[in-house]
Amino acid sequence: MLARYSSDFVLFRELVQNSDDARATYVELHFKCDISHGVINNAVCDNQSDLQHPRVKSKLTANYIGNAASHKTPSQSSYSMPKEADAQFHNSTIREICVINNGSVFSDVDWKRVASIAEGNVNVESIGQFGVGFFSVFSLSEEPVIVSGTDGMIFTWGDDGSLTARRCELPVQQQSPNTSIILKMRSKFILCVYDTKSVRESNVTTNIIPSINLGQLKSYLTKVLSFTKRVNRLSISINDETIFEVTKTIQTAPLSETISKFELESVNSMFILNSFEHIKQEIKISNGLSVVLRHIAVQAKVTINETLHGKIQEILKKSLPSSVPIQLLLAPSSIITKLKEFRLTSNHTNFDFKTLNNLSPLKFEKGQLVPSGKSWICKSLRQNEELLLAVGQVARYTYDVAIRAAVTDIKNGEADINRLSVVIAPYSFQSSSPNSRIGLTICEGFFYSKADILVPVRLSPSNAYIQLIPSTKAYLTYSNLIYSFLSVPLIPIELASSGLFTNLKSWDLIVEVNDTIVKQTVQNSVMNFTEFVEFLRWLSQFDVENRELIREMLSLVKVYHNTSSDILTLKNIRYFDPYGVPSILPLRSDILPSSVVQYISREQLNKRLLLLAISLEELLEFYMHKDQRNIFLNSITAAALLAFISNHIGHVSKNCRKNIVNTLSNTACVPTTRGMKRPNESYIPPINKSSDEPCITLKISQGTRKSDNSDDYPVSRELLIELGCRGVHLPSLFNAESSSSSMSSVSSSNNNFRALVKRLMQERNKMTDTDRKLLQESSFLPGTSLSSCPLIIGKYAPCELYFPSVATQLKRSDLPIIPWLDIASDSSEYAFLKAIGVQEAPSLDFLIDQIIMEHEEQNSPTTETYQIPVALKFVAENFIKHYSNQWNTTDIKQPFLPSYFAIKMTNRNGVNQENSVILSLPSNVYADPNPVGAILLPSVVQMFKIRFDIVMIGVQRRPTLPNAFNDMMKRKDELLVSVSLASKVFDYMSSLEGLSNTFIEKISIIPFIPFGNQSFRKPNEVFIRSDSTRRNIKSKDNSVDERGLIDYVDFGEGGNEFLLSIRVLSYPTPPILARLLMDRQDYFFEHYPRTEAEKLRTYTACLKKLAPHVEELLSDPISKRLYNTPWCLGYQKIQQRKDITRETFRIAIPREIYMNDNNQYVCYLMPLMIPDEPALTQLYEEFGSRWLSHCVKRISTHTGS
């Protein structure tokens, strides 16, 4: 029985419905609560004994039933509703609930029908106005009590589990014109006043105590009231204190909102829907808020045949009525204003607002209207699916009428988009309660019609016009960004969250926008700038993993350019502009403009759109390309680009800056009063000439500060100067002196020259770098010379003239000088002339040429007769002031320093040459005397020494060892022609610094050590023998002379020390000795002037010196040569005549020589044999010599008879 009434409040709905059937006009709910068993403000109750009412086993007494009379009627109770008056009852324990109505009292028939419940009567139709709904009272009370008129009835349970209904007549004082249903609570229930979830657990058990939420009950009863026919007031009281009352007033709807002609056939033709009635109900909470709702009533005439009617009657146990009323509750447009007032008004209770807010089919949350999620149907047969389908058909009809009217109002300007949200909100079709199938069936009826469901759409982002189209041609999106750029018919974003469109989507009657639709639409449309920005914002929300889709989307976009009607494509977009390039300028096709970038964060550009910031230098390089020169055809675009460069040129590399300046300097890029001009043709205002000259029209700023007005395009003065713009019109200054160029008077020349200098000095602050450069290059200054003065000999560029003091010092009367002979060197005029190029010291090249000329004029002087050139003295006197900073010996190509050689030049024929003064480069001459290099003249050394350290001009005091060696090799044929000279040179070199392994390795392959007549040897080809008495006679073995194989030298103690330092040995090592034998044996035996016996003895002695060092020879790289090169001495007997032999020798490869282990073989075969020296056996054998017996095959033959 209880299973079919699972909803918490269905009991109250049934009792109110029963009251309405009894023609009651009001219903009261009285709660008896035990406050002492609860704790206010969400506290948890103490563990109490079970509040379940005890079974009534005794006979029903009038006193028990008389308790019903203790509930005061509205006229008797004191009505007070203070703010939050019901808060005191929060968490109270409910002991009893009494429902009172003022409808018709029970008749005898009514009592019998109610009593039939206890008797188990299954005839539902016989229950009467209470119907099966009365069963719901048992969900709260086991033994409910009914009091109506003069009688009362109580339901009790017997020991055998049977239910008994007992009726009795009440005492007169307890009788009442009302009907009361008294419910003693069958179990503990908690009254929750606040919305917070109150869960109370017993300390003994884990069962959750059930509760009744007072706020939800208020909303529920208010909705029930909206569907009653006669009941127009409901109230709730607790412990005789009324805490809630709501009333209903019915008004007839205006004729314009009533549909007079209506007829519709149900889905399965079981009903004909007609008699469409439209009324308004004002629901008002006493001393609180009110709301007006639209109420639609439709009569469904039953049209089924008798056979089907009989089957239905058999199932329902009663006959179908001839017609069934259908009621729909809708919100009128005024509810929006009401709900807003509820939200904003602080004078009303929270419960009042929540009650009316839940009553409406809409909720007002966070400034938006959303469906409440509740659907209500009254006076319908729940089991009849056809009737529910009909309800959906009626809803569809009302939707079609309302949506057309709303869109028409919008077209006429009578309403805004909120009107549409009010119309659409009631058709959300959210889940019904408690039976979800009810809502689903109604929804099916709504979508049953084959006619298109019209929905409001906006055709494109740029078109705010709302019109109705079939839902199948409309699109739905929940994204504000998509709504802002996608050119398809879209449901207004304010309406998209409505449940109607959710249902349309589930029925496949509307399409939700997805990536594919976006891609197709973007491909087939052209966006304006605003739409494009919103598109990028949407695209930037994609996951990073969706890289390919992002790239594809960007490649499909087409955008109207800001400055023209041209369509900009982003097919190759890879970068974005972070620098703010003016929109008037063209941009590379793969760069997203800054006008778009400013609306998107750098992180989204990088990580979401996968775009990189274009480098500033790459961007400027684009504008410097020859293909972009058309920018400078227009003064506005030229100004914009120059302003952009002016703002950012300080952040580029030197090379990039140089390229920009060079490009612009040679381009007509500057707007002037006479059109576009090159920078060197343009003048920065104001200028010292008439306006006929091209004066720059740009807005010129000081520094690189950006202007607040983007259209000003200010360009810094510094950039214009750097590009070469002019500040002074120099020709006008030059022409002023043209009439004075031929004057011969010294006084006139000085005066005119001084006047010109003064005017130039007055204008110099206006001069740009280009002006100064032109000033330095122009031939405008009058010039004279010491020999021509006072005559002006011509016009010169400043750099071609000298101050008079220079000509005097150099004794050059022909040198061109300024015609101001007495100009003071500390004057401002002197400084100015020097700044523009007039020379106070000649260039080094000029002076060196002068030195060479003066040197040659002395006709090859000697050290005793040489006169130091005047130009060289000028260099010495002015070096610190004028030349020290620019001095670089590598730039000096001509020798100019007077020098000589300490050792007299002697050729190989022994002829001495007289030393003369020569000119040398600073890097090739030394201050101190030395036997190998050029030496600076002592007088020259002294001249420099009194003024500065001579090292400053690149002259070293003495050479390093490598430099000295190089100088020696240049003069090898002069310095090393004799042992005595070589000894001096080697002795000097032993005192120098710079000895290193690198140096030793370098000279080890150079033959420079004198040996014999006109020959030089490498360091590893000679050996030092310091004992001169034995140097050329004998070795350590006094009986052997090694000359011819080993060369010994002696250059004295100092010279030998140098040779030893570069690794010249006293005696060859075994590997070196072996190499000498291989290299020199042929020459030694063929040409050396010794007897053969002496040569053989010497060679054998050398072989014997190698014999103990076999292991060293095997580990040295020379071992490969020892196997394959002739170096071993061998003897061989040669048969000259019968019985006469002669022994000869030969130098051969080791494997060609045999060792004797069989004299018979030697005599018979006469091979090449090793010397008869046992010490040589191992040496020969190791490198390939073999024993003779191992190489002879002996075959015995029989020779007898």
# chains A, B, ... in the order shown; residues from 1 in each chain; ligands from 1
$ select_by_dssp --residues "stretch 183-300 of chain A" --states "strand (DSSP E or B)" --output "MDAnalysis selection string"
chainID A and resid 183:192 201 208 211:213 233:238 241:252 264:265 271:285 290:300
$ write_last_selection --atoms "C-alpha atoms" --output "PDB file, in the first residue's frame"
ATOM      1  CA  LEU A 183      -2.413  11.820  12.263  1.00  0.00           C
ATOM      2  CA  LYS A 184      -0.560  10.655  15.367  1.00  0.00           C
ATOM      3  CA  MET A 185       2.992  10.088  14.072  1.00  0.00           C
ATOM      4  CA  ARG A 186       3.795   6.387  13.724  1.00  0.00           C
ATOM      5  CA  SER A 187       7.554   7.104  14.140  1.00  0.00           C
ATOM      6  CA  LYS A 188       9.831   9.957  15.058  1.00  0.00           C
ATOM      7  CA  PHE A 189       9.872  12.779  12.486  1.00  0.00           C
ATOM      8  CA  ILE A 190      11.970  15.953  12.665  1.00  0.00           C
ATOM      9  CA  LEU A 191      10.762  19.327  11.454  1.00  0.00           C
ATOM     10  CA  CYS A 192      13.518  21.104   9.489  1.00  0.00           C
ATOM     11  CA  GLU A 201      21.168   9.695  14.458  1.00  0.00           C
ATOM     12  CA  ILE A 208      18.617   7.890  10.127  1.00  0.00           C
ATOM     13  CA  SER A 211      12.398  14.644   8.557  1.00  0.00           C
ATOM     14  CA  ILE A 212       9.947  17.073   6.947  1.00  0.00           C
ATOM     15  CA  ASN A 213      11.446  20.164   5.367  1.00  0.00           C
ATOM     16  CA  ARG A 233      -6.269  29.310   0.742  1.00  0.00           C
ATOM     17  CA  LEU A 234      -3.729  27.050   2.476  1.00  0.00           C
ATOM     18  CA  SER A 235      -2.053  27.641   5.824  1.00  0.00           C
ATOM     19  CA  ILE A 236       0.423  25.957   8.151  1.00  0.00           C
ATOM     20  CA  SER A 237       0.488  26.375  11.934  1.00  0.00           C
ATOM     21  CA  ILE A 238       2.794  24.909  14.559  1.00  0.00           C
ATOM     22  CA  GLU A 241       0.869  29.546  15.870  1.00  0.00           C
ATOM     23  CA  THR A 242       0.263  30.252  12.176  1.00  0.00           C
ATOM     24  CA  ILE A 243       3.594  30.546  10.419  1.00  0.00           C
ATOM     25  CA  PHE A 244       2.550  30.365   6.743  1.00  0.00           C
ATOM     26  CA  GLU A 245      -0.508  31.257   4.674  1.00  0.00           C
ATOM     27  CA  VAL A 246      -0.922  31.442   0.904  1.00  0.00           C
ATOM     28  CA  THR A 247      -4.023  32.482  -1.048  1.00  0.00           C
ATOM     29  CA  LYS A 248      -5.098  32.249  -4.662  1.00  0.00           C
ATOM     30  CA  THR A 249      -7.156  34.745  -6.655  1.00  0.00           C
ATOM     31  CA  ILE A 250      -8.414  33.813 -10.140  1.00  0.00           C
ATOM     32  CA  GLN A 251      -8.664  36.434 -12.883  1.00  0.00           C
ATOM     33  CA  THR A 252      -9.988  36.122 -16.420  1.00  0.00           C
ATOM     34  CA  LEU A 264      -6.798  19.020 -31.813  1.00  0.00           C
ATOM     35  CA  GLU A 265      -6.905  15.240 -32.190  1.00  0.00           C
ATOM     36  CA  PHE A 271      -9.398  12.306 -27.477  1.00  0.00           C
ATOM     37  CA  ILE A 272     -10.501  15.462 -29.160  1.00  0.00           C
ATOM     38  CA  LEU A 273      -8.858  18.437 -27.423  1.00  0.00           C
ATOM     39  CA  ASN A 274     -11.042  21.548 -27.362  1.00  0.00           C
ATOM     40  CA  SER A 275     -12.443  24.253 -25.076  1.00  0.00           C
ATOM     41  CA  PHE A 276      -9.120  26.037 -24.601  1.00  0.00           C
ATOM     42  CA  GLU A 277      -9.427  28.281 -21.524  1.00  0.00           C
ATOM     43  CA  HIS A 278      -6.782  30.760 -20.400  1.00  0.00           C
ATOM     44  CA  ILE A 279      -6.953  32.336 -16.941  1.00  0.00           C
ATOM     45  CA  LYS A 280      -4.537  34.066 -14.571  1.00  0.00           C
ATOM     46  CA  GLN A 281      -3.913  33.169 -10.951  1.00  0.00           C
ATOM     47  CA  GLU A 282      -2.391  35.488  -8.382  1.00  0.00           C
ATOM     48  CA  ILE A 283      -0.600  33.473  -5.727  1.00  0.00           C
ATOM     49  CA  LYS A 284       0.081  35.585  -2.644  1.00  0.00           C
ATOM     50  CA  ILE A 285       1.805  34.829   0.619  1.00  0.00           C
ATOM     51  CA  SER A 290       2.874  37.497  -4.763  1.00  0.00           C
ATOM     52  CA  VAL A 291       3.175  36.224  -8.301  1.00  0.00           C
ATOM     53  CA  VAL A 292       0.783  35.973 -11.236  1.00  0.00           C
ATOM     54  CA  LEU A 293       0.729  32.718 -13.223  1.00  0.00           C
ATOM     55  CA  ARG A 294      -0.999  31.734 -16.429  1.00  0.00           C
ATOM     56  CA  HIS A 295      -3.277  28.771 -16.143  1.00  0.00           C
ATOM     57  CA  ILE A 296      -4.430  26.898 -19.245  1.00  0.00           C
ATOM     58  CA  ALA A 297      -7.312  24.453 -19.072  1.00  0.00           C
ATOM     59  CA  VAL A 298      -8.256  22.159 -21.955  1.00  0.00           C
ATOM     60  CA  GLN A 299     -11.095  19.661 -22.121  1.00  0.00           C
ATOM     61  CA  ALA A 300     -10.186  16.294 -23.636  1.00  0.00           C
TER      62      ALA A 300
END
$ residues_around --residues "A:Glu534" --least-positions-apart "6" --cutoff "7 Å" --atoms "only C-alpha atoms" --output "PyMOL selection string"
chain A and resi 481+484-485
$ write_last_selection --atoms "N, CA and C atoms" --output "PDB file, in the first residue's frame"
ATOM      1  N   LEU A 481      31.902  32.523 -27.285  1.00  0.00           N
ATOM      2  CA  LEU A 481      32.871  32.835 -28.323  1.00  0.00           C
ATOM      3  C   LEU A 481      32.391  32.361 -29.691  1.00  0.00           C
ATOM      4  N   SER A 484      29.857  34.459 -31.097  1.00  0.00           N
ATOM      5  CA  SER A 484      30.335  35.774 -31.522  1.00  0.00           C
ATOM      6  C   SER A 484      30.989  35.771 -32.888  1.00  0.00           C
ATOM      7  N   PHE A 485      31.308  34.581 -33.446  1.00  0.00           N
ATOM      8  CA  PHE A 485      31.992  34.610 -34.740  1.00  0.00           C
ATOM      9  C   PHE A 485      31.389  33.688 -35.807  1.00  0.00           C
TER      10      PHE A 485
END
$ select_by_dssp --residues "stretch 768-906 of chain A" --states "alpha helix (DSSP H)" --output "PyMOL selection string"
chain A and resi 769-777+804-810+828-836+844-857+870-878
$ residues_around --residues "A:Lys1002" --least-positions-apart "3" --cutoff "12 Å" --atoms "only C-alpha atoms" --output "JSON, numbers by chain"
{"A": [962, 965, 966, 995, 996, 997, 998, 999, 1005, 1006, 1007, 1018, 1019, 1062]}
$ write_last_selection --atoms "N, CA and C atoms" --output "mmCIF file, in the first residue's frame"
data_model
loop_
_atom_site.group_PDB
_atom_site.id
_atom_site.type_symbol
_atom_site.label_atom_id
_atom_site.label_comp_id
_atom_site.auth_asym_id
_atom_site.auth_seq_id
_atom_site.Cartn_x
_atom_site.Cartn_y
_atom_site.Cartn_z
ATOM 1 N N PRO A 962 113.222 32.849 -31.463
ATOM 2 C CA PRO A 962 112.666 32.569 -32.799
ATOM 3 C C PRO A 962 112.921 33.700 -33.788
ATOM 4 N N PHE A 965 116.550 33.716 -34.814
ATOM 5 C CA PHE A 965 116.813 32.615 -35.739
ATOM 6 C C PHE A 965 116.353 32.973 -37.151
ATOM 7 N N ASN A 966 115.125 33.603 -37.232
ATOM 8 C CA ASN A 966 114.625 34.012 -38.547
ATOM 9 C C ASN A 966 115.554 35.037 -39.193
ATOM 10 N N LEU A 995 113.067 29.786 -26.067
ATOM 11 C CA LEU A 995 113.292 28.377 -26.391
ATOM 12 C C LEU A 995 112.061 27.562 -25.977
ATOM 13 N N SER A 996 111.575 26.735 -26.887
ATOM 14 C CA SER A 996 110.403 25.913 -26.604
ATOM 15 C C SER A 996 110.458 24.663 -27.453
ATOM 16 N N ASN A 997 109.636 23.697 -27.093
ATOM 17 C CA ASN A 997 109.575 22.456 -27.874
ATOM 18 C C ASN A 997 109.117 22.732 -29.305
ATOM 19 N N THR A 998 108.192 23.673 -29.427
ATOM 20 C CA THR A 998 107.709 24.011 -30.769
ATOM 21 C C THR A 998 108.845 24.563 -31.622
ATOM 22 N N PHE A 999 109.641 25.446 -31.027
ATOM 23 C CA PHE A 999 110.781 26.016 -31.762
ATOM 24 C C PHE A 999 111.785 24.941 -32.140
ATOM 25 N N ILE A 1005 114.359 20.354 -38.723
ATOM 26 C CA ILE A 1005 114.388 19.910 -40.121
ATOM 27 C C ILE A 1005 115.077 20.929 -41.033
ATOM 28 N N ILE A 1006 115.661 21.995 -40.417
ATOM 29 C CA ILE A 1006 116.290 23.057 -41.202
ATOM 30 C C ILE A 1006 117.810 22.884 -41.162
ATOM 31 N N PRO A 1007 118.478 22.783 -42.293
ATOM 32 C CA PRO A 1007 119.949 22.715 -42.295
ATOM 33 C C PRO A 1007 120.555 24.116 -42.131
ATOM 34 N N LYS A 1018 121.544 19.572 -40.621
ATOM 35 C CA LYS A 1018 120.429 19.651 -39.673
ATOM 36 C C LYS A 1018 120.948 19.318 -38.277
ATOM 37 N N PRO A 1019 120.229 19.708 -37.239
ATOM 38 C CA PRO A 1019 120.703 19.432 -35.880
ATOM 39 C C PRO A 1019 120.907 17.936 -35.601
ATOM 40 N N ILE A 1062 119.164 22.889 -28.320
ATOM 41 C CA ILE A 1062 118.200 22.511 -29.370
ATOM 42 C C ILE A 1062 118.344 21.024 -29.700
#
$ residues_around --residues "A:Gly152" --least-positions-apart "5" --cutoff "6 Å" --atoms "only C-alpha atoms" --output "PyMOL selection string"
chain A and resi 146-147+167-168
$ atom_distance --atom1 "atom CA of A:Phe138" --atom2 "atom CA of A:Lys112"
18.6 Å
$ atom_distance --atom1 "atom CA of A:Ser1185" --atom2 "atom CA of A:Leu1114"
15.0 Å
$ residues_around --residues "A:Leu961" --least-positions-apart "6" --cutoff "6 Å" --atoms "only C-alpha atoms" --output "list in words"
Leu992, Glu993 and Gly994 of chain A
$ write_last_selection --atoms "N, CA and C atoms" --output "PDB file, in the first residue's frame"
ATOM      1  N   LEU A 992     119.323  34.283 -25.503  1.00  0.00           N
ATOM      2  CA  LEU A 992     117.993  34.825 -25.769  1.00  0.00           C
ATOM      3  C   LEU A 992     116.885  33.952 -25.176  1.00  0.00           C
ATOM      4  N   GLU A 993     115.740  34.589 -24.971  1.00  0.00           N
ATOM      5  CA  GLU A 993     114.565  33.889 -24.459  1.00  0.00           C
ATOM      6  C   GLU A 993     113.692  33.428 -25.626  1.00  0.00           C
ATOM      7  N   GLY A 994     112.926  32.398 -25.360  1.00  0.00           N
ATOM      8  CA  GLY A 994     111.990  31.921 -26.369  1.00  0.00           C
ATOM      9  C   GLY A 994     112.191  30.486 -26.781  1.00  0.00           C
TER      10      GLY A 994
END
$ residues_around --residues "A:Pro861" --least-positions-apart "5" --cutoff "7 Å" --atoms "only C-alpha atoms" --output "NGL selection string"
:A and (866 or 916-917)
$ write_last_selection --atoms "C-alpha atoms" --output "PDB file, in the first residue's frame"
ATOM      1  CA  TYR A 866     123.862  60.228 -41.243  1.00  0.00           C
ATOM      2  CA  SER A 916     125.688  51.812 -44.345  1.00  0.00           C
ATOM      3  CA  VAL A 917     122.475  53.213 -42.854  1.00  0.00           C
TER       4      VAL A 917
END
$ residues_around --residues "A:Asn178" --least-positions-apart "3" --cutoff "8 Å" --atoms "only C-alpha atoms" --output "ChimeraX atom specification"
/A:100-105,148-149
$ decode --residues "stretch 1024-1114 of chain A" --atoms "C-alpha atoms" --output "compact mmCIF listing (two decimals), in the first residue's frame"
# COMPACT_ATOMS: atom_id res chain seq x y z
CA ILE A 1024 129.36 17.93 -30.66
CA ARG A 1025 132.98 17.01 -29.86
CA SER A 1026 134.35 19.78 -27.70
CA ASP A 1027 137.91 18.33 -27.51
CA SER A 1028 139.36 20.00 -30.60
CA THR A 1029 142.53 17.96 -30.51
CA ARG A 1030 140.55 14.74 -31.05
CA ARG A 1031 137.48 16.09 -32.82
CA ASN A 1032 138.55 15.02 -36.30
CA ILE A 1033 140.72 11.97 -35.47
CA LYS A 1034 139.26 9.16 -33.41
CA SER A 1035 136.21 8.07 -31.46
CA LYS A 1036 136.06 6.68 -27.98
CA ASP A 1037 137.84 3.61 -29.38
CA ASN A 1038 141.25 5.14 -30.14
CA SER A 1039 141.85 2.60 -32.93
CA VAL A 1040 138.80 3.69 -35.02
CA ASP A 1041 138.27 6.85 -37.01
CA GLU A 1042 134.50 7.43 -37.54
CA ARG A 1043 134.71 10.33 -39.92
CA GLY A 1044 132.56 9.95 -42.97
CA LEU A 1045 129.89 8.15 -40.96
CA ILE A 1046 129.59 10.49 -37.94
CA ASP A 1047 130.15 14.29 -38.30
CA TYR A 1048 131.41 16.18 -35.28
CA VAL A 1049 131.34 19.99 -34.78
CA ASP A 1050 132.69 22.45 -32.20
CA PHE A 1051 131.57 26.14 -31.94
CA GLY A 1052 133.08 26.97 -28.62
CA GLU A 1053 131.51 26.85 -25.19
CA GLY A 1054 128.71 29.39 -25.87
CA GLY A 1055 127.94 28.08 -29.34
CA ASN A 1056 127.91 24.46 -28.20
CA GLU A 1057 125.57 25.43 -25.35
CA PHE A 1058 123.03 26.72 -27.90
CA LEU A 1059 123.36 23.55 -30.00
CA LEU A 1060 122.93 21.34 -26.95
CA SER A 1061 119.79 23.34 -26.01
CA ILE A 1062 118.20 22.51 -29.37
CA ARG A 1063 119.01 18.81 -28.80
CA VAL A 1064 122.22 18.39 -30.80
CA LEU A 1065 123.85 15.25 -29.28
CA SER A 1066 127.44 14.50 -28.38
CA TYR A 1067 127.17 10.98 -29.83
CA PRO A 1068 124.41 9.31 -31.88
CA THR A 1069 121.92 7.06 -30.16
CA PRO A 1070 121.57 3.50 -31.56
CA PRO A 1071 118.57 4.42 -33.77
CA ILE A 1072 120.39 7.53 -35.08
CA LEU A 1073 123.58 5.54 -35.66
CA ALA A 1074 121.57 2.92 -37.57
CA ARG A 1075 120.03 5.67 -39.72
CA LEU A 1076 123.49 7.16 -40.41
CA LEU A 1077 124.77 3.75 -41.53
CA MET A 1078 121.83 3.30 -43.88
CA ASP A 1079 122.01 6.84 -45.27
CA ARG A 1080 125.80 7.26 -45.58
CA GLN A 1081 127.21 3.77 -46.27
CA ASP A 1082 127.09 4.21 -50.02
CA TYR A 1083 128.93 7.56 -50.00
CA PHE A 1084 131.29 6.35 -47.29
CA PHE A 1085 132.56 3.34 -49.21
CA GLU A 1086 132.53 4.99 -52.64
CA HIS A 1087 133.93 8.49 -52.07
CA TYR A 1088 135.35 8.98 -48.60
CA PRO A 1089 139.15 9.35 -48.83
CA ARG A 1090 140.21 6.38 -46.69
CA THR A 1091 141.63 2.94 -47.43
CA GLU A 1092 139.22 0.07 -47.82
CA ALA A 1093 140.61 -1.69 -44.78
CA GLU A 1094 140.15 1.42 -42.63
CA LYS A 1095 136.60 1.85 -43.88
CA LEU A 1096 135.76 -1.82 -43.15
CA ARG A 1097 137.25 -1.56 -39.70
CA THR A 1098 135.29 1.67 -38.99
CA TYR A 1099 132.01 0.23 -40.31
CA THR A 1100 132.42 -3.03 -38.36
CA ALA A 1101 133.12 -1.03 -35.22
CA CYS A 1102 129.86 0.90 -35.70
CA LEU A 1103 127.95 -2.37 -36.18
CA LYS A 1104 129.43 -3.72 -33.00
CA LYS A 1105 128.19 -0.58 -31.18
CA LEU A 1106 124.66 -1.36 -32.40
CA ALA A 1107 124.79 -5.03 -31.33
CA PRO A 1108 124.04 -4.52 -27.62
CA HIS A 1109 120.97 -2.37 -28.39
CA VAL A 1110 118.84 -4.80 -30.40
CA GLU A 1111 115.77 -4.32 -28.19
CA GLU A 1112 115.96 -0.53 -28.51
CA LEU A 1113 116.21 -0.80 -32.29
CA LEU A 1114 113.23 -3.16 -32.46
